[in-house]
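First up is the structure itself, then whatever we jot down about it.
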Amino acid sequence: MKIFHLSDLHIGKLINGYDMEDDQRYVFDQIIEYVEKEKPDAVIIAGDIYDKTVPSAKAVKLFDEFLTRLAGVNTAVLIISGNHDSAERLDFGSRILEKNNVYLKGTYEGNATKVELYDEYGVVNFYLMPFVKPSIIRAYSDEDFSSYSDAMAFAISKMDIDSSERNILVAHQNVTHCGVNKTSDSELICIGNVDNIESGVFEKFDYVALGHLHSPQNIGSEKIRYCGTPVIYSMSEKADDKSITVINIREKNNMTIKLLPLCQLHSWYDFKGTMDEALSREYNEDYARIILTDKEVIIDALYKLRKVYGRLIEMSFDTGSNTTYDECDHTIEEVENLTPRQAFANFYMNQLNEQISEEDLEYIDEIINEWEMRK
C-alpha cells in the first residue's frame, strides 16, 4: 500500500501581512500532480489544515478546491485536526465526506476513529487521533494524568490494536525522542516542552504519521515521522527541503520511505550587512529579513528596502553594540530628571555605543524646540 503523508497546510496564513495563498496554491498543484502520477492508495493530512480556528472565506474555498481535487483521484483521504484548527468546524460534513472516501476526524470523543483499507497483504488499520490535551482525554477517564505522555498512552490503550496487523497512527502532537526534536519559529510549543510526548508511547504502531513540527524529521526511528510543512512558513525553515513523505508498506515489518520534492513559489532571503549592500540586489519577490549594520542614521530605511524587496517581512539594526539599558548607571529618579537632550544622548550611546556629536545634538535641540512651540 502506497501512502502520502502531509501535514500543516496552514491555509489562510499571513506572513507579516503578506497573503500566502499563491504560495500554497503553487505547492498544492504539485501535490495533485504527484497524486495523479504516483496513484497512492491513501493521502494523510495530519492536522493544521487552517492557520486560524476561524478561517477566512478565501481559506475555506482554497481547501475546498484542494480536497475536491484529491477526492477526484480515486484515493482515500485521511484528515485530523491540529492545534490551529477548530475541531468542531472541521468535523462538519464528515459523515457525508466518508461516502467519497474522505475520512475526517476533528474532535476526540473517547476514542480514535479507525479506518480500514485493504491491499494484497490484507488490512491496514489507520487510527485518526486529532490534536488533544490531557484535559480532553481526562473527560473520558477516571485517571488524573500528570503528563501528555500519560494521557496519550491511555488514549492508545483504548484503541484495541491487533499487533499482528499493520497499524498506522495519524496524530498532531509535540513528540520527542529522549526529550529532543527540531522546532521552527512558526510553531506553538509550550515553554519548557511540557506538552511533549515521548516516542516510546507509540511502539505498537508500524508507522506514526505526525503533524505539528514544521521541519521534516524522524523521531527516534523512521517509523515515527514528521513530514514537515509543504510550504516554507518562517525564516528558520528556509534551508528545509520541503517534500511529500511516501510510505510503501507491504507485509508486516516491511516498509520503505521516499521523499517527493516540493518547489516553492518564492525564495526566503536572510541578509545582514549595510544598506548599500542590501540595495545592491535587483528587485525581487523573496520573503526577506534584513538586518542593517550601518552606524549612521538611515532615513526611511523601510521605504528604501521595499523598493528592492517586494516581500520584506522584517527589518532591524545590529550596530555591534553590547551596551544594554540594564548596564546604565542611572536610577529611575535620575532618568526622570534628564533633559530631553541628555535622554537622547543616552539613547544614542545605548544604540550605537558611541558619543553623539555636538552638531547632531544641536539638530535635536532644534527639533525639540520646534515641537515645544507647537504644543
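Every chain in the C-alpha cells has a letter given in the order shown (A, B, ...), and although residue numbers restart at 1 in each chain, ligands are simply numbered from 1 in the order shown.
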
Inset, instruction - Would you please extract all helix (DSSP H, G or I) residues from segment 55-152 of chain A, as assigned by DSSP on the backbone, and give them as a ChimeraX atom specification? - result: /A:57-71,87-91,94-98,134-138,148-152

Inset, instruction - Show which residues sit within 7 Å of segment 56-60 of chain A, as a VMD selection string. Count only C-alpha atoms, and ignore same-chain residues fewer than 3 positions away. - result: chain A and resid 11 to 12 63 to 64

Inset, instruction - May I have the residues within 10 Å of Ala112 of chain A as a count of residues only, using only C-alpha atoms and disregarding those fewer than 2 positions away in the same chain? - result: 19

Inset, instruction - Measuring atom to atom with only C-alpha atoms, identify which of A:Val123, A:Ala278, A:Leu292, A:Ala139 is nearest to Glu251 of chain A. - result: A:Val123

Inset, instruction - Would you mind listing what lies within 6 Å of segment 213-230 of chain A as a PyMOL selection string, with only C-alpha atoms counted and same-chain residues fewer than 6 positions away left out? - result: chain A and resi 8+177+183+207+242+245

Inset, instruction - Record the distance separating atom CA of Trp371 of chain A and atom CA of Gln342 of chain A, expressed in Å with one decimal. - result: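 Result for atom CA of Trp371 of chain A versus atom CA of Gln342 of chain A: 16.7 Å, one decimal.
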
Legend entry - Option closest in space to Leu6 of chain A, from A:Ala153, A:Ala87, A:Val43, A:Ile247 [counting only C-alpha atoms]: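 Looking at the shortest contact to Leu6 of chain A, the residue is A:Val43.
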
Inset, instruction - Pick out the closest residue to Phe317 of chain A from this set: A:Glu285, A:Ile299, A:Ser280, A:Thr274. Count only C-alpha atoms. - result: A:Thr274

Legend entry - One-decimal distance in Å that lies between atom CA of Ile32 of chain A and atom CA of Lys252 of chain A: 28.9 Å

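Across the structure, atom CA of Ser199 of chain A and atom CA of Lys2 of chain A are spaced 23.8 Å apart.
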
DSSP on the backbone, strand (DSSP E) only: what residues of segment 245-280 of chain A does that give? Format it as a short mmCIF file (atom, residue, chain, number, x, y, z; two decimals) with N, CA and C atoms, in the first residue's frame.
```
data_model
loop_
_atom_site.label_atom_id
_atom_site.label_comp_id
_atom_site.auth_asym_id
_atom_site.auth_seq_id
_atom_site.Cartn_x
_atom_site.Cartn_y
_atom_site.Cartn_z
N THR A 245 6.21 12.94 2.15
CA THR A 245 6.75 11.66 2.60
C THR A 245 5.87 10.55 2.03
N VAL A 246 6.49 9.60 1.33
CA VAL A 246 5.78 8.50 0.71
C VAL A 246 6.15 7.21 1.42
N ILE A 247 5.15 6.53 1.98
CA ILE A 247 5.37 5.26 2.68
C ILE A 247 4.85 4.13 1.81
N ASN A 248 5.70 3.16 1.54
CA ASN A 248 5.27 1.92 0.87
C ASN A 248 5.32 0.81 1.92
N ILE A 249 4.15 0.35 2.33
CA ILE A 249 4.06 -0.69 3.35
C ILE A 249 3.53 -1.96 2.70
N MET A 255 8.57 -2.07 5.24
CA MET A 255 8.15 -0.72 4.88
C MET A 255 9.35 0.07 4.35
N THR A 256 9.12 0.86 3.31
CA THR A 256 10.15 1.75 2.80
C THR A 256 9.58 3.16 2.71
N ILE A 257 10.47 4.14 2.77
CA ILE A 257 10.06 5.54 2.73
C ILE A 257 10.89 6.28 1.69
N LYS A 258 10.22 7.13 0.91
CA LYS A 258 10.93 8.02 -0.01
C LYS A 258 10.30 9.40 0.06
N LEU A 259 10.99 10.39 -0.49
CA LEU A 259 10.51 11.76 -0.45
C LEU A 259 10.32 12.28 -1.88
N LEU A 260 9.23 13.02 -2.07
CA LEU A 260 8.98 13.69 -3.35
C LEU A 260 9.15 15.18 -3.13
N PRO A 261 10.11 15.82 -3.80
CA PRO A 261 10.41 17.23 -3.53
C PRO A 261 9.29 18.18 -3.95
N TRP A 268 13.36 32.48 0.26
CA TRP A 268 13.48 33.17 1.55
C TRP A 268 14.92 33.66 1.68
N TYR A 269 15.07 34.97 1.91
CA TYR A 269 16.38 35.62 1.87
C TYR A 269 16.68 36.25 3.22
N ASP A 270 17.78 35.83 3.82
CA ASP A 270 18.19 36.33 5.14
C ASP A 270 19.51 37.07 4.96
N PHE A 271 19.51 38.40 5.20
CA PHE A 271 20.69 39.21 4.92
C PHE A 271 21.08 40.05 6.12
N LYS A 272 22.39 40.16 6.33
CA LYS A 272 22.94 41.05 7.35
C LYS A 272 24.10 41.82 6.74
N GLY A 273 24.00 43.14 6.76
CA GLY A 273 25.05 43.97 6.17
C GLY A 273 24.60 45.42 6.11
#
```

Inset, instruction - Fewer than 4 positions away in the same chain doesn't count, so skip those; otherwise give me all residues within 12 Å of Lys99 of chain A, counting only C-alpha atoms, as a PyMOL selection string. - result: chain A and resi 71+76-77+93-95+103-104

Writer output for current selection, C-alpha atoms, as a JSON list (two decimals), in the first residue's frame:
```
[["chain", "number", "residue", "atom", "x", "y", "z"],
["A", 71, "ALA", "CA", -11.15, 13.16, -3.77],
["A", 76, "ALA", "CA", -8.62, 7.62, 0.32],
["A", 77, "VAL", "CA", -8.04, 10.91, 2.16],
["A", 93, "GLY", "CA", -19.98, 17.18, 6.93],
["A", 94, "SER", "CA", -17.56, 14.38, 7.89],
["A", 95, "ARG", "CA", -20.17, 11.60, 7.54],
["A", 103, "TYR", "CA", -12.27, 10.39, 6.41],
["A", 104, "LEU", "CA", -12.11, 13.42, 8.66]]
```
